[in-house]
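Participant: So here's data-v8.pdb (PDB, C-alpha atoms, pLDDT in the B column).
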ATOM      1  CA  MET E 519     169.538 198.193  -9.585  1.00 44.00           C
ATOM      2  CA  LEU E 520     172.442 195.798  -9.938  1.00 45.00           C
ATOM      3  CA  HIS E 521     172.270 192.284  -8.560  1.00 41.00           C
ATOM      4  CA  ARG E 522     175.293 190.070  -8.445  1.00 47.00           C
ATOM      5  CA  LYS E 523     175.145 186.495  -7.414  1.00 45.00           C
ATOM      6  CA  GLN E 524     177.570 185.821  -4.614  1.00 53.00           C
ATOM      7  CA  ASN E 525     179.857 182.879  -5.239  1.00 63.00           C
ATOM      8  CA  CYS E 526     179.670 180.004  -2.842  1.00 68.00           C
ATOM      9  CA  ALA E 527     182.776 178.326  -1.532  1.00 66.00           C
ATOM     10  CA  PRO E 528     183.879 175.498  -3.828  1.00 80.00           C
ATOM     11  CA  HIS E 529     184.065 171.878  -2.788  1.00 87.00           C
ATOM     12  CA  PHE E 530     187.505 171.116  -1.379  1.00 91.00           C
ATOM     13  CA  ALA E 531     189.082 167.851  -0.313  1.00 94.00           C
ATOM     14  CA  GLU E 532     192.554 166.552  -1.022  1.00 95.00           C
ATOM     15  CA  ILE E 533     193.528 162.978  -0.258  1.00 96.00           C
ATOM     16  CA  GLU E 534     196.291 160.514  -1.084  1.00 96.00           C
ATOM     17  CA  VAL E 535     195.540 156.842  -0.655  1.00 97.00           C
ATOM     18  CA  ASP E 536     197.302 153.547  -1.250  1.00 96.00           C
ATOM     19  CA  PHE E 537     195.331 150.643  -2.685  1.00 94.00           C
ATOM     20  CA  GLU E 538     196.356 147.121  -1.731  1.00 92.00           C
ATOM     21  CA  PRO E 539     194.747 143.752  -2.360  1.00 89.00           C
ATOM     22  CA  ALA E 540     192.802 142.334   0.579  1.00 90.00           C
ATOM     23  CA  ALA E 541     191.838 138.816   1.438  1.00 88.00           C
ATOM     24  CA  ASP E 542     188.180 139.697   1.649  1.00 87.00           C
ATOM     25  CA  GLY E 543     185.901 142.727   1.581  1.00 85.00           C
ATOM     26  CA  PHE E 544     186.752 146.394   1.747  1.00 90.00           C
ATOM     27  CA  VAL E 545     188.916 147.942   4.463  1.00 93.00           C
ATOM     28  CA  PHE E 546     189.643 151.664   4.831  1.00 96.00           C
ATOM     29  CA  GLU E 547     192.019 153.008   7.430  1.00 96.00           C
ATOM     30  CA  ALA E 548     193.986 156.145   8.182  1.00 96.00           C
ATOM     31  CA  ALA E 549     197.756 155.740   8.331  1.00 96.00           C
ATOM     32  CA  ARG E 550     199.356 155.909  11.747  1.00 95.00           C
ATOM     33  CA  GLY E 551     200.406 159.416  12.571  1.00 94.00           C
ATOM     34  CA  LEU E 552     198.128 160.989   9.965  1.00 95.00           C
ATOM     35  CA  ALA E 553     197.656 164.592  11.014  1.00 90.00           C
ATOM     36  CA  VAL E 554     195.270 167.020   9.362  1.00 92.00           C
ATOM     37  CA  ARG E 555     195.125 170.647  10.377  1.00 88.00           C
ATOM     38  CA  TYR E 556     191.417 171.365  10.372  1.00 92.00           C
ATOM     39  CA  GLU E 557     188.974 172.746  12.889  1.00 90.00           C
ATOM     40  CA  PRO E 558     186.717 171.339  14.171  1.00 90.00           C
ATOM     41  CA  ALA E 559     188.750 168.137  14.292  1.00 92.00           C
ATOM     42  CA  GLU E 560     185.670 166.088  15.181  1.00 93.00           C
ATOM     43  CA  ASP E 561     184.490 166.524  11.552  1.00 94.00           C
ATOM     44  CA  LEU E 562     187.460 164.565  10.190  1.00 96.00           C
ATOM     45  CA  PRO E 563     186.146 161.038  10.919  1.00 96.00           C
ATOM     46  CA  ARG E 564     182.972 161.885   8.954  1.00 97.00           C
ATOM     47  CA  PHE E 565     185.082 163.268   6.095  1.00 97.00           C
ATOM     48  CA  PHE E 566     187.219 160.102   6.043  1.00 98.00           C
ATOM     49  CA  ALA E 567     184.122 157.888   6.120  1.00 98.00           C
ATOM     50  CA  ALA E 568     182.733 159.835   3.159  1.00 98.00           C
ATOM     51  CA  ALA E 569     185.998 159.327   1.241  1.00 97.00           C
ATOM     52  CA  ALA E 570     185.807 155.603   1.991  1.00 97.00           C
ATOM     53  CA  ALA E 571     182.211 155.507   0.746  1.00 96.00           C
ATOM     54  CA  GLY E 572     183.221 157.190  -2.519  1.00 96.00           C
ATOM     55  CA  ILE E 573     186.081 154.734  -3.026  1.00 94.00           C
ATOM     56  CA  GLN E 574     183.929 151.716  -2.243  1.00 91.00           C
ATOM     57  CA  GLU E 575     181.184 152.949  -4.548  1.00 90.00           C
ATOM     58  CA  GLN E 576     183.627 153.254  -7.431  1.00 90.00           C
ATOM     59  CA  LEU E 577     185.388 149.926  -6.791  1.00 88.00           C
ATOM     60  CA  GLY E 578     182.341 147.751  -6.455  1.00 81.00           C
ATOM     61  CA  LEU E 579     178.884 147.158  -7.666  1.00 65.00           C
ATOM     62  CA  ALA E 580     177.228 147.596  -4.300  1.00 60.00           C
ATOM     63  CA  GLU E 581     173.765 147.456  -5.828  1.00 59.00           C
ATOM     64  CA  HIS E 582     174.565 143.843  -6.810  1.00 55.00           C
ATOM     65  CA  GLY E 583     176.362 142.971  -3.566  1.00 61.00           C
ATOM     66  CA  ILE E 584     179.773 142.928  -5.276  1.00 63.00           C
ATOM     67  CA  VAL E 585     182.737 144.536  -3.533  1.00 68.00           C
ATOM     68  CA  THR E 586     186.313 144.448  -4.785  1.00 75.00           C
ATOM     69  CA  ALA E 587     188.531 143.026  -2.025  1.00 83.00           C
ATOM     70  CA  THR E 588     190.695 146.038  -1.291  1.00 91.00           C
ATOM     71  CA  ARG E 589     192.577 147.587   1.598  1.00 94.00           C
ATOM     72  CA  VAL E 590     192.798 151.363   1.284  1.00 96.00           C
ATOM     73  CA  VAL E 591     195.180 153.370   3.456  1.00 97.00           C
ATOM     74  CA  LEU E 592     194.690 157.118   3.736  1.00 97.00           C
ATOM     75  CA  ARG E 593     198.204 158.605   3.691  1.00 97.00           C
ATOM     76  CA  TYR E 594     197.450 162.317   3.395  1.00 96.00           C
ATOM     77  CA  ALA E 595     194.409 164.534   3.726  1.00 96.00           C
ATOM     78  CA  ARG E 596     193.834 168.254   3.553  1.00 94.00           C
ATOM     79  CA  ALA E 597     190.654 170.127   4.364  1.00 94.00           C
ATOM     80  CA  ASP E 598     189.570 173.744   4.139  1.00 90.00           C
ATOM     81  CA  PRO E 599     187.203 175.405   6.608  1.00 89.00           C
ATOM     82  CA  PHE E 600     185.143 177.020   3.836  1.00 84.00           C
ATOM     83  CA  GLY E 601     184.845 174.314   1.196  1.00 87.00           C
ATOM     84  CA  SER E 602     185.357 170.964   2.901  1.00 92.00           C
ATOM     85  CA  HIS E 603     182.410 168.776   3.772  1.00 92.00           C
ATOM     86  CA  GLU E 604     181.356 165.168   3.446  1.00 96.00           C
ATOM     87  CA  LEU E 605     180.300 165.440  -0.193  1.00 94.00           C
ATOM     88  CA  ALA E 606     183.674 166.922  -1.158  1.00 94.00           C
ATOM     89  CA  PHE E 607     185.480 164.001   0.472  1.00 96.00           C
ATOM     90  CA  LYS E 608     183.134 161.450  -1.107  1.00 96.00           C
ATOM     91  CA  ILE E 609     183.902 162.930  -4.529  1.00 95.00           C
ATOM     92  CA  ALA E 610     187.652 162.894  -3.747  1.00 96.00           C
ATOM     93  CA  GLY E 611     187.420 159.216  -2.819  1.00 96.00           C
ATOM     94  CA  TYR E 612     185.451 158.415  -5.938  1.00 95.00           C
ATOM     95  CA  LEU E 613     188.030 160.195  -8.114  1.00 95.00           C
ATOM     96  CA  ALA E 614     190.972 158.518  -6.350  1.00 96.00           C
ATOM     97  CA  ALA E 615     189.479 155.076  -6.990  1.00 93.00           C
ATOM     98  CA  ARG E 616     188.656 155.968 -10.581  1.00 91.00           C
ATOM     99  CA  ARG E 617     192.259 157.076 -11.181  1.00 92.00           C
ATOM    100  CA  ALA E 618     193.582 153.861  -9.605  1.00 90.00           C
ATOM    101  CA  LEU E 619     191.335 151.775 -11.854  1.00 86.00           C
ATOM    102  CA  GLU E 620     192.471 153.702 -14.932  1.00 88.00           C
ATOM    103  CA  ARG E 621     196.123 153.103 -14.023  1.00 89.00           C
ATOM    104  CA  ALA E 622     195.331 149.405 -13.646  1.00 83.00           C
ATOM    105  CA  GLY E 623     193.745 149.392 -17.095  1.00 83.00           C
ATOM    106  CA  VAL E 624     190.198 148.869 -15.852  1.00 76.00           C
ATOM    107  CA  SER E 625     187.511 151.069 -17.384  1.00 69.00           C
ATOM    108  CA  ARG E 626     184.298 151.966 -15.581  1.00 63.00           C
ATOM    109  CA  PRO E 627     181.236 153.733 -16.940  1.00 60.00           C
TER
END
Would you encode the structure as structure tokens?
Facilitator:
Amino acid sequence: MLHRKQNCAPHFAEIEVDFEPAADGFVFEAARGLAVRYEPAEDLPRFFAAAAAGIQEQLGLAEHGIVTATRVVLRYARADPFGSHELAFKIAGYLAARRALERAGVSRP
């Protein structure tokens, strides 16, 4: 008898964001006219909120009440019906913020 483990769909989320200084707090918004081909479309706001949570988690020390004052604008997003979900977008946001910090010369653990 041969048993093969079936592969699960991978996590998939692709985003492009701009980081800008903000006067206070953390602001995340989708650019005007942002269109994402994905069904069901009602999932997209949850995906975007998850990306924002990942970015905010990476930029601040929420456990200490510290948040980097940043405005983040979502310029592009792509989702896949088989691999996209909130966790995938949270990870994408986390990685986007981490890359931005690296480019700014800031290291995080």
Participant: Quick one: pull the distance between atom CA of E:Leu577 and atom CA of E:Ala615, Å, one decimal.
Facilitator: 6.6 Å
Participant: Report as a PyMOL selection string the residues that result from applying the PyMOL selection byres ((chain E and resi 533) around 6) to the structure here.
Facilitator: chain E and resi 532+534+594-595
Participant: So that I can check the surroundings of E:Arg564, please list as a ChimeraX atom specification every protein, DNA and RNA residue that reaches within 9 Å of it, counting all atoms listed in the file and ignoring chain neighbours fewer than 4 positions away.
Facilitator: /E:560,568-569,603-604
Participant: Could you jot down the atom CA of E:Pro539 to atom CA of E:Pro563 separation for me, Å, one decimal place?
Facilitator: 23.4 Å
Participant: In Å, rounded to a single decimal, give me how far atom CA of E:Phe537 is from atom CA of E:Ala618.
Facilitator: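 Interatomic distance here is 7.8 Å.
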Participant: Which is closest to E:Phe600 among E:Ala548, E:Ile573, E:Ala531, E:Ala559, if we use only C-alpha atoms?
Facilitator: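 With only C-alpha atoms as the atom set, the closest residue is E:Ala531.
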Participant: Of the residues E:Leu592, E:Ala597, E:Val535, E:Ala540, which is the one nearest to E:Val554, using all atoms listed in the file?
Facilitator: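 With all atoms listed in the file as the atom set, the closest residue is E:Ala597.
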